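J.: Below is the file protein_37.txt, which contains compact mmCIF, C-alpha atoms.
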```
# COMPACT_ATOMS: atom_id res chain seq x y z
CA MET A 1412 -68.39 -93.70 -89.96
CA ASP A 1413 -65.61 -91.35 -91.10
CA GLY A 1414 -65.55 -91.05 -94.88
CA LEU A 1415 -68.16 -93.72 -95.43
CA ASP A 1416 -70.92 -92.51 -97.72
CA PRO A 1417 -74.37 -93.73 -96.56
CA LEU A 1418 -75.56 -93.84 -100.18
CA LEU A 1419 -72.73 -96.15 -101.19
CA LEU A 1420 -73.31 -98.59 -98.34
CA ASP A 1421 -75.99 -100.08 -100.57
CA PRO A 1422 -74.24 -102.83 -102.64
CA THR A 1423 -76.23 -102.10 -105.82
CA ARG A 1424 -75.41 -98.40 -105.77
CA LEU A 1425 -71.77 -99.20 -104.96
CA ALA A 1426 -71.66 -101.55 -107.97
CA ILE A 1427 -73.12 -98.90 -110.30
CA VAL A 1428 -70.81 -96.14 -109.08
CA SER A 1429 -67.73 -98.43 -109.21
CA LEU A 1430 -68.57 -99.49 -112.75
CA LEU A 1431 -68.96 -95.87 -113.84
CA SER A 1432 -65.76 -94.77 -112.06
CA ALA A 1433 -63.61 -96.59 -114.65
CA VAL A 1434 -65.25 -94.91 -117.61
CA GLU A 1435 -66.00 -91.45 -118.94
CA TRP A 1436 -69.51 -92.58 -119.84
CA ALA A 1437 -71.39 -95.83 -120.31
CA GLU A 1438 -74.62 -96.75 -122.02
CA PHE A 1439 -77.58 -97.39 -119.75
CA SER A 1440 -78.04 -100.87 -121.24
CA TYR A 1441 -74.39 -101.76 -120.58
CA VAL A 1442 -74.63 -100.71 -116.92
CA ARG A 1443 -77.97 -102.54 -116.58
CA ASP A 1444 -76.56 -105.80 -117.99
CA SER A 1445 -73.24 -105.54 -116.13
CA ALA A 1446 -74.92 -104.92 -112.80
CA GLY A 1447 -77.55 -107.57 -113.50
CA LEU A 1448 -80.48 -105.20 -112.95
CA SER A 1449 -83.79 -104.58 -114.66
CA ASP A 1450 -84.49 -101.29 -116.45
CA SER A 1451 -86.73 -100.08 -113.64
CA ALA A 1452 -84.31 -101.12 -110.87
CA LEU A 1453 -81.43 -99.27 -112.54
CA SER A 1454 -83.64 -96.22 -113.23
CA LYS A 1455 -84.57 -96.07 -109.56
CA GLN A 1456 -80.94 -96.25 -108.41
CA VAL A 1457 -79.84 -93.72 -111.03
CA THR A 1458 -82.56 -91.33 -109.82
CA THR A 1459 -81.28 -91.66 -106.25
CA LEU A 1460 -77.67 -91.15 -107.34
CA GLY A 1461 -78.73 -88.28 -109.59
CA LYS A 1462 -80.43 -86.48 -106.70
CA ALA A 1463 -77.15 -86.67 -104.79
CA GLU A 1464 -75.45 -85.31 -107.95
CA TYR A 1465 -73.24 -88.40 -108.22
CA VAL A 1466 -74.50 -89.50 -111.63
CA GLU A 1467 -75.46 -87.52 -114.73
CA VAL A 1468 -77.86 -88.78 -117.36
CA ARG A 1469 -77.72 -87.77 -121.01
CA LYS A 1470 -80.18 -88.80 -123.65
CA GLY A 1471 -79.82 -88.78 -127.41
CA TYR A 1472 -80.39 -90.67 -130.60
CA VAL A 1473 -78.06 -92.85 -132.66
CA GLY A 1474 -79.94 -93.28 -135.92
CA LYS A 1475 -83.56 -93.69 -134.92
CA ARG A 1476 -82.79 -95.49 -131.67
CA PRO A 1477 -82.98 -93.51 -128.44
CA ARG A 1478 -79.95 -93.96 -126.19
CA THR A 1479 -79.22 -93.06 -122.60
CA TRP A 1480 -75.71 -92.52 -121.34
CA LEU A 1481 -74.62 -92.34 -117.72
CA ASN A 1482 -71.54 -90.75 -116.26
CA LEU A 1483 -70.14 -90.25 -112.80
CA THR A 1484 -69.76 -86.62 -111.77
CA ASP A 1485 -66.65 -85.25 -110.05
CA GLY A 1486 -68.66 -85.26 -106.83
CA GLY A 1487 -69.48 -88.93 -107.36
CA ARG A 1488 -65.81 -89.76 -107.95
CA ARG A 1489 -64.81 -87.92 -104.78
CA ALA A 1490 -67.52 -89.71 -102.78
CA LEU A 1491 -66.39 -93.10 -104.07
CA GLY A 1492 -62.74 -92.25 -103.36
CA GLY A 1493 -63.57 -91.28 -99.77
CA HIS A 1494 -65.76 -94.35 -99.33
CA VAL A 1495 -63.03 -96.69 -100.61
CA LEU A 1496 -60.45 -95.10 -98.27
CA ALA A 1497 -62.81 -95.57 -95.32
CA LEU A 1498 -63.44 -99.21 -96.25
CA GLN A 1499 -59.69 -99.72 -96.62
CA ALA A 1500 -59.13 -98.24 -93.15
CA ILE A 1501 -61.69 -100.65 -91.62
CA ALA A 1502 -60.13 -103.65 -93.36
CA ASP A 1503 -56.57 -102.55 -92.46
CA ARG A 1504 -57.44 -101.88 -88.81
CA ALA A 1505 -58.84 -105.38 -88.45
CA ARG A 1506 -55.71 -106.84 -90.08
CA LEU A 1507 -53.41 -104.83 -87.77
CA ASP A 1508 -55.43 -105.84 -84.69
CA GLY A 1509 -55.12 -109.48 -85.74
CA ALA A 1510 -51.37 -109.14 -86.29
CA SER A 1511 -50.79 -107.43 -82.91
CA HIS A 1512 -52.73 -110.17 -81.11
CA GLN A 1513 -50.56 -112.78 -82.78
CA ALA A 1514 -47.38 -110.86 -81.89
CA GLU A 1515 -48.20 -110.63 -78.16
CA PRO A 1516 -45.75 -112.81 -76.19
CA ARG A 1517 -47.17 -115.71 -74.25
CA GLN A 1518 -47.21 -115.38 -70.46
CA GLY A 1519 -45.58 -118.00 -68.16
CA MET B 725 -76.95 -98.14 -91.33
CA SER B 726 -74.21 -99.50 -89.09
CA GLN B 727 -70.53 -99.46 -89.88
CA PRO B 728 -69.46 -102.42 -92.04
CA THR B 729 -67.51 -105.22 -90.37
CA PRO B 730 -63.94 -105.80 -91.60
CA GLU B 731 -65.20 -108.77 -93.65
CA GLU B 732 -67.93 -106.63 -95.25
CA ALA B 733 -65.42 -103.85 -95.92
CA ALA B 734 -63.02 -106.30 -97.60
CA ARG B 735 -65.88 -107.72 -99.66
CA ALA B 736 -66.98 -104.22 -100.72
CA LEU B 737 -63.41 -103.35 -101.76
CA ARG B 738 -63.23 -106.49 -103.92
CA GLU B 739 -66.59 -105.53 -105.44
CA VAL B 740 -65.29 -102.04 -106.30
CA SER B 741 -62.19 -103.49 -107.95
CA ASP B 742 -64.16 -106.14 -109.89
CA ARG B 743 -66.71 -103.60 -111.10
CA ARG B 744 -63.99 -101.22 -112.27
CA ALA B 745 -62.43 -104.03 -114.30
CA GLN B 746 -65.86 -104.89 -115.69
CA GLY B 747 -66.47 -101.26 -116.63
CA LEU B 748 -63.19 -101.11 -118.53
CA ARG B 749 -63.98 -104.28 -120.49
CA GLY B 750 -66.87 -102.41 -122.12
CA THR B 751 -64.44 -99.84 -123.52
CA VAL B 752 -62.50 -102.26 -125.76
CA HIS B 753 -63.16 -101.63 -129.46
CA PRO B 754 -65.05 -104.44 -131.18
CA ARG B 755 -62.97 -106.74 -133.36
CA TRP B 756 -64.40 -105.39 -136.65
CA VAL B 757 -62.91 -101.96 -135.83
CA TRP B 758 -59.47 -103.57 -135.38
CA VAL B 759 -59.83 -105.57 -138.61
CA LEU B 760 -60.78 -102.38 -140.46
CA ALA B 761 -57.83 -100.52 -138.90
CA GLY B 762 -55.45 -103.33 -139.89
CA ALA B 763 -56.75 -103.40 -143.46
CA PHE B 764 -56.57 -99.60 -143.68
CA LEU B 765 -52.97 -99.48 -142.47
CA ALA B 766 -51.93 -102.34 -144.75
CA GLY B 767 -53.61 -100.55 -147.67
CA TYR B 768 -51.85 -97.29 -146.85
CA LEU B 769 -48.42 -98.92 -146.66
CA ALA B 770 -49.07 -100.84 -149.90
CA ALA B 771 -50.04 -97.57 -151.59
CA MET B 772 -46.84 -95.94 -150.31
CA ASP B 773 -44.83 -98.82 -151.76
CA LEU B 774 -46.55 -99.09 -155.14
CA LEU B 775 -47.63 -95.55 -156.06
CA PRO B 776 -45.34 -93.04 -157.81
CA GLU B 777 -43.64 -90.37 -155.71
CA ASP B 778 -46.07 -87.52 -156.54
CA ALA B 779 -49.15 -89.54 -155.55
CA ARG B 780 -47.73 -90.54 -152.17
CA GLY B 781 -48.14 -87.05 -150.73
CA TRP B 782 -51.88 -87.09 -151.45
CA VAL B 783 -52.26 -90.56 -150.00
CA SER B 784 -50.46 -89.44 -146.84
CA TRP B 785 -52.74 -86.42 -146.49
CA ALA B 786 -55.81 -88.63 -146.93
CA PHE B 787 -54.41 -91.06 -144.34
CA ALA B 788 -53.80 -88.22 -141.85
CA ALA B 789 -57.33 -86.84 -142.47
CA VAL B 790 -58.93 -90.23 -141.79
CA MET B 791 -56.86 -90.61 -138.60
CA LEU B 792 -57.92 -87.14 -137.46
CA VAL B 793 -61.61 -87.86 -138.12
CA TYR B 794 -61.26 -91.13 -136.20
CA ALA B 795 -59.47 -89.47 -133.26
CA LEU B 796 -62.16 -86.79 -133.01
CA GLY B 797 -65.04 -89.16 -133.68
CA VAL B 798 -64.01 -91.66 -131.05
CA ARG B 799 -64.35 -88.92 -128.44
CA SER B 800 -68.04 -88.41 -129.19
CA ARG B 801 -70.77 -90.59 -127.73
CA PHE B 802 -72.53 -90.76 -131.09
CA ALA B 803 -69.57 -92.06 -133.12
CA SER B 804 -68.38 -94.38 -130.35
CA THR B 805 -71.85 -95.92 -130.09
CA LEU B 806 -71.93 -96.33 -133.87
CA MET B 807 -68.62 -98.20 -133.58
CA GLY B 808 -70.23 -100.59 -131.12
CA GLN B 809 -68.69 -99.26 -127.93
CA SER B 810 -70.86 -99.41 -124.81
CA ALA B 811 -68.56 -97.22 -122.76
CA ARG B 812 -65.56 -94.96 -123.12
CA ALA B 813 -62.51 -95.34 -120.87
CA ASN B 814 -61.84 -92.40 -118.61
CA LEU B 815 -58.91 -90.50 -120.18
CA GLY B 816 -57.05 -90.38 -116.88
CA SER B 817 -57.83 -93.99 -116.06
CA VAL B 818 -55.27 -95.61 -118.32
CA PRO B 819 -51.88 -95.60 -116.62
CA VAL B 820 -48.78 -94.33 -118.40
CA ARG B 821 -46.40 -97.24 -117.61
CA PRO B 822 -48.06 -100.04 -119.62
CA ARG B 823 -48.59 -97.63 -122.52
CA VAL B 824 -44.88 -96.71 -122.47
CA PHE B 825 -43.86 -100.39 -122.25
CA TYR B 826 -46.18 -101.17 -125.13
CA LEU B 827 -44.80 -98.33 -127.26
CA ILE B 828 -41.19 -99.36 -126.57
CA GLY B 829 -42.05 -102.98 -127.39
CA LEU B 830 -43.78 -101.87 -130.58
CA LEU B 831 -40.76 -99.78 -131.66
CA VAL B 832 -38.32 -102.62 -130.92
CA CYS B 833 -40.47 -105.15 -132.83
CA THR B 834 -40.85 -102.71 -135.75
CA GLY B 835 -37.07 -102.15 -135.86
CA LEU B 836 -36.34 -105.88 -135.73
CA LEU B 837 -38.91 -106.65 -138.43
CA MET B 838 -37.51 -103.93 -140.70
CA LEU B 839 -33.96 -105.22 -140.08
CA VAL B 840 -34.91 -108.81 -140.90
CA LEU B 841 -36.77 -107.75 -144.05
CA HIS B 842 -33.79 -105.62 -145.10
CA LEU B 843 -31.24 -108.38 -144.42
CA LEU B 844 -33.31 -110.89 -146.37
CA GLN B 845 -33.61 -108.29 -149.15
CA VAL B 846 -37.35 -108.82 -149.32
CA PRO B 847 -38.89 -106.90 -152.24
CA HIS B 848 -41.78 -104.53 -151.41
CA MET B 849 -40.75 -104.30 -147.78
CA MET B 850 -43.52 -101.81 -146.94
CA ILE B 851 -46.22 -104.17 -148.22
CA VAL B 852 -44.87 -107.07 -146.13
CA TYR B 853 -44.60 -104.78 -143.11
CA GLY B 854 -48.16 -103.50 -143.64
CA VAL B 855 -49.53 -107.03 -143.88
CA VAL B 856 -47.72 -108.09 -140.68
CA VAL B 857 -48.99 -105.04 -138.75
CA GLY B 858 -52.48 -105.41 -140.25
CA VAL B 859 -52.69 -109.06 -139.22
CA TYR B 860 -51.39 -108.17 -135.76
CA LEU B 861 -54.03 -105.45 -135.29
CA SER B 862 -56.81 -107.70 -136.59
CA LEU B 863 -55.93 -110.67 -134.42
CA LEU B 864 -54.38 -109.19 -131.31
CA GLY B 865 -55.65 -105.58 -131.26
CA PRO B 866 -58.57 -106.22 -128.87
CA ARG B 867 -56.37 -108.33 -126.58
CA THR B 868 -53.66 -105.66 -126.49
CA GLN B 869 -56.19 -102.95 -125.64
CA ALA B 870 -57.72 -105.16 -122.95
CA TRP B 871 -54.23 -105.82 -121.52
CA ILE B 872 -53.43 -102.10 -121.27
CA LEU B 873 -56.82 -101.41 -119.66
CA ALA B 874 -56.42 -104.32 -117.25
CA ALA B 875 -53.26 -102.70 -115.93
CA LYS B 876 -55.50 -99.94 -114.60
CA ALA B 877 -57.89 -102.39 -113.00
CA ARG B 878 -54.93 -103.96 -111.15
CA ASP B 879 -53.92 -100.51 -109.76
```
Is it possible to express this structure as structure tokens?

T.:
Amino acid sequence: MDGLDPLLLDPTRLAIVSLLSAVEWAEFSYVRDSAGLSDSALSKQVTTLGKAEYVEVRKGYVGKRPRTWLNLTDGGRRALGGHVLALQAIADRARLDGASHQAEPRQG
Amino acid sequence: MSQPTPEEAARALREVSDRRAQGLRGTVHPRWVWVLAGAFLAGYLAAMDLLPEDARGWVSWAFAAVMLVYALGVRSRFASTLMGQSARANLGSVPVRPRVFYLIGLLVCTGLLMLVLHLLQVPHMMIVYGVVVGVYLSLLGPRTQAWILAAKARD
């Protein structure tokens, strides 16, 4: 599994990391709603991604309301980049195999 | 876990692309910010048209100060959240080409509008120009920003 990241083989974690890859930071609630997760489900995934140092969590207040922001670390971006390349290679290889089978001349 | 099949890999790649596009949609400024920006610009241009020469310098300094505060504020999580943004686009994630096309288009449109207003000898040209730009920002600002961001999602 060259380049494939075992953590990102999980579709939920892949969704979270992909969402965060387009942004500098995102609010916890935005990621939760976009990924269609509950607070606890997202917290659990963020903890797992945080342990791998893929996601950083920052907490603060805007007015009196507590806010949590998430951002993808450089390590997380590199892991996603490598994972996407590996997925691309798998998809491309299958396409090339299919094309070469079609291009084989018929016998007789 | 086993290696994904080609179908699973293709599905995962589509998921990555869709989620990136979704992430960028959260970075578009809410409409009220665009309406405020349009009104502010229209007000500035009206002031430049109507005020005497010596007052214009002060108005320009005030305009520049507000722009600077906005540019700095929008970079902070606190101010961005106050402005209703759920996420901030990655600085390197917005490609140069659509931004350049947009700027060229904007300059061409501005030039044409100024030329038409001049040829028609419209009085208070700056006010008319400010209103046109203000209405454009209010109505089409979010769509323009989304269009530029979508160019990245298509990459």

J.: Edge lengths and centre, in Å to one decimal, as lines of an AutoDock Vina configuration file: that's what I need for the box along x, y and z that holds all listed atoms of range 1459-1462 of chain A plus 3 Å on each side.

T.:
```
center_x = -79.5
center_y = -89.1
center_z = -107.9
size_x = 9.6
size_y = 11.2
size_z = 9.3
```

J.: Need to verify the contact set: Val1434 in chain A, 6 Å, only C-alpha atoms, exclusion of same-chain residues closer than 6 positions in sequence. Can you return it as an MDAnalysis selection string?

T.: chainID B and resid 812:814

J.: Identify every residue of chain A that has at least one atom within 10 Å of any atom of chain B, counting all atoms listed in the file, and report the result as a PyMOL selection string.

T.: chain A and resi 1412-1413+1415+1417-1422+1425-1442+1445-1446+1471-1474+1478+1480-1482+1491+1494-1506

J.: In Å, with one decimal, what is the gap from CA of Phe825 in chain B to CA of Arg755 in chain B?

T.: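 Those two atoms sit 23.0 Å apart.
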
J.: Suppose you want the space between CA of Arg1443 in chain A and CA of Asp1416 in chain A; what is it in Å?

T.: 22.5 Å
